Amino acid sequence: GIRDKCAPTMEEDKLYMAKLAEQAERYEEMVAYMREVATCKESLTLEERNLLSVAYKNVVGARRASLRIFSSIEGRELEADGAAWRAESLTAYKVRVEEELDQICSEILQIIEERLMPGAQDGSSSQVDSQVFYQKMHADYYRYLAEFKSGQERIEITDKADSSYQAAQQIAHRSLSPTHPIRLGLALNYSVFLYEVVASGSKACELAKQAFDDAIAELDTLDEESYKDSTLI
């Protein structure tokens, strides 16, 4: 039953298996293990949060890469005036990958909305980190959906991504230092979204430059470890 599945020893077991799956680069299985951990707990530790993020990022990343490859092949086929059956086969394959991506993104969005965000509301400093992290993650997965959607659906999904990025920005600006890796990562991803999905290059550059300038102004106050993390981003 659910109680057995969520017993502390079972959680520990799933976490261990997720780490093994990561080392073996078996990300589909890593997702399955971390999904169980996330649905059993009120809130995740930093390690669990990062493992969940790595798992979903990799399974989604592989499919996003596939769609980019299909798009470039599609362009070449059109230029070469290729056979109709090839175009149809390519479209069918592309739709299949889009459906997989849709299902994975919808799944992690549901986990974030129903489990992770409500579990990160106690006001402690570690939970503030989590709130920004989950809002950013929420926005990122809507961005990944917006990349291949079209029409009214794309407009609605883009709006949801934008709202989540803005919500994350508000908490980050209020509670995290300009050099905090999560705040910097958020600024980077939000600017990518503005540039690639919204097609607003000027806004994207403005946001990225502001984050960079704010962080540079505080770099000399950091210890060596934090300095490395921040300059890397």
# chains A, B, ... in the order shown; residues from 1 in each chain; ligands from 1
call {"tool": "residues_around", "arguments": {"residues": "Lys160 of chain A", "least_positions_apart": "6", "cutoff": "12 Å", "atoms": "only C-alpha atoms", "output": "number ranges by chain"}}
result
A: 109, 135-136, 138-146, 153-154, 166-167, 193
call {"tool": "atom_distance", "arguments": {"atom1": "atom CA of Ala18 of chain A", "atom2": "atom CA of Glu100 of chain A"}}
result
21.1 Å
call {"tool": "residues_around", "arguments": {"residues": "Glu196 of chain A", "least_positions_apart": "6", "cutoff": "12 Å", "atoms": "only C-alpha atoms", "output": "MDAnalysis selection string"}}
result
chainID A and resid 143:144 146:148 158 189:190 202:205
call {"tool": "residues_around", "arguments": {"residues": "segment 19-25 of chain A", "least_positions_apart": "5", "cutoff": "8 Å", "atoms": "only C-alpha atoms", "output": "PyMOL selection string"}}
result
chain A and resi 30+51+55
call {"tool": "write_last_selection", "arguments": {"atoms": "C-alpha atoms", "output": "compact mmCIF listing (two decimals), in the first residue's frame"}}
result
# COMPACT_ATOMS: atom_id res chain seq x y z
CA MET A 30 16.05 7.82 -12.22
CA LEU A 51 18.38 14.63 -7.96
CA ALA A 55 16.46 13.27 -13.60
call {"tool": "closest_residue", "arguments": {"among": "A:Trp85, A:Tyr134, A:Tyr33, A:Tyr93", "to": "Phe70 of chain A", "atoms": "only C-alpha atoms"}}
result
A:Tyr93
call {"tool": "atom_distance", "arguments": {"atom1": "atom CA of Asn58 of chain A", "atom2": "atom CA of Arg35 of chain A"}}
result
14.1 Å
call {"tool": "closest_residue", "arguments": {"among": "A:Leu67, A:Val197, A:Ala215, A:Val37", "to": "Asp13 of chain A", "atoms": "only C-alpha atoms"}}
result
A:Val37
call {"tool": "residues_around", "arguments": {"residues": "Glu48 of chain A", "least_positions_apart": "5", "cutoff": "9 Å", "atoms": "only C-alpha atoms", "output": "list of chain:residue names"}}
result
A:Leu15, A:Met34, A:Val37, A:Ala38, A:Ser53
call {"tool": "write_last_selection", "arguments": {"atoms": "all heavy atoms", "output": "PDB file, in the first residue's frame"}}
result
ATOM      1  N   LEU A  15      16.067   6.500  -3.087  1.00  0.00           N
ATOM      2  CA  LEU A  15      17.094   7.527  -3.242  1.00  0.00           C
ATOM      3  C   LEU A  15      18.412   6.898  -3.695  1.00  0.00           C
ATOM      4  O   LEU A  15      19.082   7.415  -4.599  1.00  0.00           O
ATOM      5  CB  LEU A  15      17.277   8.249  -1.902  1.00  0.00           C
ATOM      6  CG  LEU A  15      17.802   9.679  -1.952  1.00  0.00           C
ATOM      7  CD1 LEU A  15      16.937  10.563  -2.827  1.00  0.00           C
ATOM      8  CD2 LEU A  15      17.899  10.244  -0.539  1.00  0.00           C
ATOM      9  N   MET A  34      12.807   8.988  -8.386  1.00  0.00           N
ATOM     10  CA  MET A  34      12.658  10.307  -7.758  1.00  0.00           C
ATOM     11  C   MET A  34      11.202  10.765  -7.727  1.00  0.00           C
ATOM     12  O   MET A  34      10.804  11.502  -6.827  1.00  0.00           O
ATOM     13  CB  MET A  34      13.538  11.348  -8.478  1.00  0.00           C
ATOM     14  CG  MET A  34      15.019  11.185  -8.200  1.00  0.00           C
ATOM     15  SD  MET A  34      15.433  10.914  -6.445  1.00  0.00           S
ATOM     16  CE  MET A  34      14.785  12.405  -5.672  1.00  0.00           C
ATOM     17  N   VAL A  37       9.914   9.298  -4.558  1.00  0.00           N
ATOM     18  CA  VAL A  37      10.403  10.049  -3.393  1.00  0.00           C
ATOM     19  C   VAL A  37       9.609  11.350  -3.250  1.00  0.00           C
ATOM     20  O   VAL A  37       9.140  11.693  -2.164  1.00  0.00           O
ATOM     21  CB  VAL A  37      11.917  10.356  -3.523  1.00  0.00           C
ATOM     22  CG1 VAL A  37      12.392  11.293  -2.415  1.00  0.00           C
ATOM     23  CG2 VAL A  37      12.734   9.060  -3.489  1.00  0.00           C
ATOM     24  N   ALA A  38       9.430  12.077  -4.365  1.00  0.00           N
ATOM     25  CA  ALA A  38       8.750  13.378  -4.337  1.00  0.00           C
ATOM     26  C   ALA A  38       7.287  13.270  -3.933  1.00  0.00           C
ATOM     27  O   ALA A  38       6.751  14.162  -3.271  1.00  0.00           O
ATOM     28  CB  ALA A  38       8.867  14.058  -5.702  1.00  0.00           C
ATOM     29  N   SER A  53      15.612  17.233 -10.084  1.00  0.00           N
ATOM     30  CA  SER A  53      15.855  18.174 -11.169  1.00  0.00           C
ATOM     31  C   SER A  53      16.726  17.556 -12.264  1.00  0.00           C
ATOM     32  O   SER A  53      16.418  17.655 -13.455  1.00  0.00           O
ATOM     33  CB  SER A  53      16.526  19.433 -10.599  1.00  0.00           C
ATOM     34  OG  SER A  53      16.875  20.312 -11.627  1.00  0.00           O
TER      35      SER A  53
END
call {"tool": "atom_distance", "arguments": {"atom1": "atom CA of Arg96 of chain A", "atom2": "atom CA of Asp162 of chain A"}}
result
26.7 Å
call {"tool": "closest_residue", "arguments": {"among": "A:Val95, A:Ile216, A:Ile182, A:Leu188", "to": "Asn50 of chain A", "atoms": "only C-alpha atoms"}}
result
A:Ile182
call {"tool": "closest_residue", "arguments": {"among": "A:Ser200, A:Ser163, A:Gln170, A:Ser130", "to": "Leu46 of chain A", "atoms": "only C-alpha atoms"}}
result
A:Ser130
call {"tool": "residues_around", "arguments": {"residues": "Ile108 of chain A", "least_positions_apart": "4", "cutoff": "8 Å", "atoms": "only C-alpha atoms", "output": "PyMOL selection string"}}
result
chain A and resi 56+104+112+141
call {"tool": "write_last_selection", "arguments": {"atoms": "all heavy atoms", "output": "compact mmCIF listing (two decimals), in the first residue's frame"}}
result
# COMPACT_ATOMS: atom_id res chain seq x y z
N TYR A 56 14.69 14.74 -14.37
CA TYR A 56 13.74 15.26 -15.37
C TYR A 56 14.44 16.07 -16.46
O TYR A 56 14.06 16.01 -17.63
CB TYR A 56 12.64 16.09 -14.69
CG TYR A 56 11.52 15.22 -14.17
CD1 TYR A 56 11.50 14.78 -12.86
CD2 TYR A 56 10.48 14.80 -15.01
CE1 TYR A 56 10.48 13.96 -12.38
CE2 TYR A 56 9.46 13.99 -14.55
CZ TYR A 56 9.46 13.57 -13.24
OH TYR A 56 8.45 12.75 -12.79
N ILE A 104 5.82 14.06 -20.05
CA ILE A 104 6.85 14.22 -19.01
C ILE A 104 6.75 15.60 -18.36
O ILE A 104 6.80 15.73 -17.13
CB ILE A 104 8.27 14.00 -19.59
CG1 ILE A 104 8.42 12.57 -20.12
CG2 ILE A 104 9.33 14.26 -18.52
CD1 ILE A 104 9.59 12.39 -21.08
N ILE A 112 5.29 19.55 -9.03
CA ILE A 112 5.71 20.85 -8.49
C ILE A 112 4.52 21.58 -7.87
O ILE A 112 4.61 22.10 -6.75
CB ILE A 112 6.36 21.73 -9.59
CG1 ILE A 112 7.68 21.12 -10.07
CG2 ILE A 112 6.61 23.16 -9.08
CD1 ILE A 112 8.23 21.73 -11.35
N TYR A 141 9.69 24.22 -17.31
CA TYR A 141 8.95 23.13 -17.99
C TYR A 141 7.81 23.66 -18.84
O TYR A 141 7.47 23.06 -19.86
CB TYR A 141 8.52 22.05 -16.98
CG TYR A 141 9.73 21.20 -16.63
CD1 TYR A 141 10.56 21.53 -15.56
CD2 TYR A 141 10.12 20.14 -17.45
CE1 TYR A 141 11.71 20.81 -15.29
CE2 TYR A 141 11.27 19.41 -17.19
CZ TYR A 141 12.06 19.75 -16.11
OH TYR A 141 13.21 19.04 -15.86
call {"tool": "residues_around", "arguments": {"residues": "Gln169 of chain A", "least_positions_apart": "4", "cutoff": "8 Å", "atoms": "only C-alpha atoms", "output": "number ranges by chain"}}
result
A: 132, 165, 173, 183, 186-187
call {"tool": "closest_residue", "arguments": {"among": "A:Ile73, A:Val128, A:Ala199, A:Ile157", "to": "Ala172 of chain A", "atoms": "only C-alpha atoms"}}
result
A:Val128
call {"tool": "decode", "arguments": {"residues": "segment 2-49 of chain A", "atoms": "N, CA and C atoms", "output": "mmCIF file, in the first residue's frame"}}
result
data_model
loop_
_atom_site.group_PDB
_atom_site.id
_atom_site.type_symbol
_atom_site.label_atom_id
_atom_site.label_comp_id
_atom_site.auth_asym_id
_atom_site.auth_seq_id
_atom_site.Cartn_x
_atom_site.Cartn_y
_atom_site.Cartn_z
ATOM 1 N N ILE A 2 0.196 2.422 0.035
ATOM 2 C CA ILE A 2 0.901 3.704 -0.013
ATOM 3 C C ILE A 2 1.814 3.866 1.191
ATOM 4 N N ARG A 3 1.381 3.342 2.368
ATOM 5 C CA ARG A 3 2.205 3.487 3.575
ATOM 6 C C ARG A 3 3.506 2.703 3.447
ATOM 7 N N ASP A 4 3.404 1.484 2.892
ATOM 8 C CA ASP A 4 4.622 0.684 2.689
ATOM 9 C C ASP A 4 5.553 1.375 1.693
ATOM 10 N N LYS A 5 4.940 1.888 0.623
ATOM 11 C CA LYS A 5 5.709 2.529 -0.443
ATOM 12 C C LYS A 5 6.441 3.767 0.084
ATOM 13 N N CYS A 6 5.851 4.409 1.106
ATOM 14 C CA CYS A 6 6.415 5.651 1.639
ATOM 15 C C CYS A 6 7.131 5.465 2.975
ATOM 16 N N ALA A 7 7.372 4.230 3.387
ATOM 17 C CA ALA A 7 8.115 3.993 4.634
ATOM 18 C C ALA A 7 9.520 4.570 4.490
ATOM 19 N N PRO A 8 10.109 5.102 5.604
ATOM 20 C CA PRO A 8 11.442 5.723 5.521
ATOM 21 C C PRO A 8 12.491 4.830 4.859
ATOM 22 N N THR A 9 12.470 3.527 5.152
ATOM 23 C CA THR A 9 13.472 2.633 4.542
ATOM 24 C C THR A 9 13.273 2.546 3.024
ATOM 25 N N MET A 10 12.010 2.577 2.586
ATOM 26 C CA MET A 10 11.718 2.535 1.150
ATOM 27 C C MET A 10 12.210 3.815 0.457
ATOM 28 N N GLU A 11 12.007 4.961 1.146
ATOM 29 C CA GLU A 11 12.470 6.239 0.590
ATOM 30 C C GLU A 11 13.985 6.216 0.405
ATOM 31 N N GLU A 12 14.676 5.705 1.427
ATOM 32 C CA GLU A 12 16.137 5.603 1.389
ATOM 33 C C GLU A 12 16.579 4.712 0.219
ATOM 34 N N ASP A 13 15.854 3.611 0.055
ATOM 35 C CA ASP A 13 16.132 2.660 -1.020
ATOM 36 C C ASP A 13 15.953 3.331 -2.393
ATOM 37 N N LYS A 14 14.843 4.063 -2.555
ATOM 38 C CA LYS A 14 14.568 4.745 -3.838
ATOM 39 C C LYS A 14 15.641 5.784 -4.137
ATOM 40 N N LEU A 15 16.067 6.500 -3.087
ATOM 41 C CA LEU A 15 17.094 7.527 -3.242
ATOM 42 C C LEU A 15 18.412 6.898 -3.695
ATOM 43 N N TYR A 16 18.749 5.787 -3.074
ATOM 44 C CA TYR A 16 19.981 5.071 -3.442
ATOM 45 C C TYR A 16 19.906 4.593 -4.891
ATOM 46 N N MET A 17 18.746 4.047 -5.264
ATOM 47 C CA MET A 17 18.557 3.553 -6.637
ATOM 48 C C MET A 17 18.617 4.703 -7.655
ATOM 49 N N ALA A 18 18.077 5.851 -7.262
ATOM 50 C CA ALA A 18 18.123 7.029 -8.146
ATOM 51 C C ALA A 18 19.571 7.449 -8.407
ATOM 52 N N LYS A 19 20.397 7.403 -7.346
ATOM 53 C CA LYS A 19 21.818 7.770 -7.494
ATOM 54 C C LYS A 19 22.546 6.762 -8.388
ATOM 55 N N LEU A 20 22.213 5.482 -8.215
ATOM 56 C CA LEU A 20 22.804 4.447 -9.073
ATOM 57 C C LEU A 20 22.397 4.676 -10.531
ATOM 58 N N ALA A 21 21.116 4.952 -10.730
ATOM 59 C CA ALA A 21 20.601 5.186 -12.091
ATOM 60 C C ALA A 21 21.297 6.390 -12.730
ATOM 61 N N GLU A 22 21.549 7.430 -11.923
ATOM 62 C CA GLU A 22 22.244 8.614 -12.448
ATOM 63 C C GLU A 22 23.658 8.244 -12.904
ATOM 64 N N GLN A 23 24.370 7.492 -12.056
ATOM 65 C CA GLN A 23 25.736 7.109 -12.416
ATOM 66 C C GLN A 23 25.765 6.236 -13.671
ATOM 67 N N ALA A 24 24.730 5.414 -13.832
ATOM 68 C CA ALA A 24 24.644 4.536 -15.007
ATOM 69 C C ALA A 24 24.018 5.255 -16.215
ATOM 70 N N GLU A 25 23.662 6.536 -16.017
ATOM 71 C CA GLU A 25 22.999 7.350 -17.056
ATOM 72 C C GLU A 25 21.703 6.715 -17.557
ATOM 73 N N ARG A 26 20.965 6.100 -16.614
ATOM 74 C CA ARG A 26 19.648 5.527 -16.939
ATOM 75 C C ARG A 26 18.587 6.477 -16.368
ATOM 76 N N TYR A 27 18.379 7.573 -17.104
ATOM 77 C CA TYR A 27 17.603 8.681 -16.552
ATOM 78 C C TYR A 27 16.104 8.410 -16.466
ATOM 79 N N GLU A 28 15.581 7.567 -17.357
ATOM 80 C CA GLU A 28 14.148 7.223 -17.285
ATOM 81 C C GLU A 28 13.858 6.553 -15.931
ATOM 82 N N GLU A 29 14.775 5.659 -15.525
ATOM 83 C CA GLU A 29 14.599 4.965 -14.248
ATOM 84 C C GLU A 29 14.841 5.908 -13.079
ATOM 85 N N MET A 30 15.797 6.813 -13.256
ATOM 86 C CA MET A 30 16.054 7.815 -12.216
ATOM 87 C C MET A 30 14.801 8.653 -11.961
ATOM 88 N N VAL A 31 14.106 9.020 -13.035
ATOM 89 C CA VAL A 31 12.846 9.763 -12.913
ATOM 90 C C VAL A 31 11.827 8.963 -12.107
ATOM 91 N N ALA A 32 11.699 7.676 -12.427
ATOM 92 C CA ALA A 32 10.711 6.830 -11.729
ATOM 93 C C ALA A 32 11.002 6.771 -10.226
ATOM 94 N N TYR A 33 12.286 6.608 -9.863
ATOM 95 C CA TYR A 33 12.646 6.549 -8.435
ATOM 96 C C TYR A 33 12.399 7.898 -7.746
ATOM 97 N N MET A 34 12.807 8.988 -8.386
ATOM 98 C CA MET A 34 12.658 10.307 -7.758
ATOM 99 C C MET A 34 11.202 10.765 -7.727
ATOM 100 N N ARG A 35 10.411 10.310 -8.680
ATOM 101 C CA ARG A 35 8.971 10.625 -8.650
ATOM 102 C C ARG A 35 8.343 10.018 -7.394
ATOM 103 N N GLU A 36 8.744 8.794 -7.070
ATOM 104 C CA GLU A 36 8.211 8.143 -5.864
ATOM 105 C C GLU A 36 8.647 8.875 -4.602
ATOM 106 N N VAL A 37 9.914 9.298 -4.558
ATOM 107 C CA VAL A 37 10.403 10.049 -3.393
ATOM 108 C C VAL A 37 9.609 11.350 -3.250
ATOM 109 N N ALA A 38 9.430 12.077 -4.365
ATOM 110 C CA ALA A 38 8.750 13.378 -4.337
ATOM 111 C C ALA A 38 7.287 13.270 -3.933
ATOM 112 N N THR A 39 6.634 12.177 -4.320
ATOM 113 C CA THR A 39 5.211 12.048 -3.994
ATOM 114 C C THR A 39 4.987 11.504 -2.583
ATOM 115 N N CYS A 40 6.069 11.036 -1.924
ATOM 116 C CA CYS A 40 5.942 10.497 -0.566
ATOM 117 C C CYS A 40 6.218 11.533 0.516
ATOM 118 N N LYS A 41 6.973 12.589 0.171
ATOM 119 C CA LYS A 41 7.456 13.504 1.210
ATOM 120 C C LYS A 41 6.744 14.851 1.176
ATOM 121 N N GLU A 42 6.651 15.465 2.349
ATOM 122 C CA GLU A 42 6.070 16.811 2.436
ATOM 123 C C GLU A 42 6.993 17.834 1.776
ATOM 124 N N SER A 43 8.305 17.682 2.015
ATOM 125 C CA SER A 43 9.277 18.563 1.353
ATOM 126 C C SER A 43 10.571 17.789 1.127
ATOM 127 N N LEU A 44 11.340 18.235 0.163
ATOM 128 C CA LEU A 44 12.568 17.520 -0.215
ATOM 129 C C LEU A 44 13.804 18.185 0.390
ATOM 130 N N THR A 45 14.825 17.374 0.667
ATOM 131 C CA THR A 45 16.118 17.922 1.078
ATOM 132 C C THR A 45 16.790 18.523 -0.160
ATOM 133 N N LEU A 46 17.861 19.262 0.055
ATOM 134 C CA LEU A 46 18.609 19.852 -1.060
ATOM 135 C C LEU A 46 19.083 18.767 -2.030
ATOM 136 N N GLU A 47 19.597 17.669 -1.482
ATOM 137 C CA GLU A 47 20.085 16.571 -2.319
ATOM 138 C C GLU A 47 18.948 15.967 -3.144
ATOM 139 N N GLU A 48 17.806 15.724 -2.517
ATOM 140 C CA GLU A 48 16.652 15.129 -3.211
ATOM 141 C C GLU A 48 16.142 16.058 -4.306
ATOM 142 N N ARG A 49 16.089 17.349 -3.973
ATOM 143 C CA ARG A 49 15.626 18.359 -4.932
ATOM 144 C C ARG A 49 16.520 18.360 -6.171
#
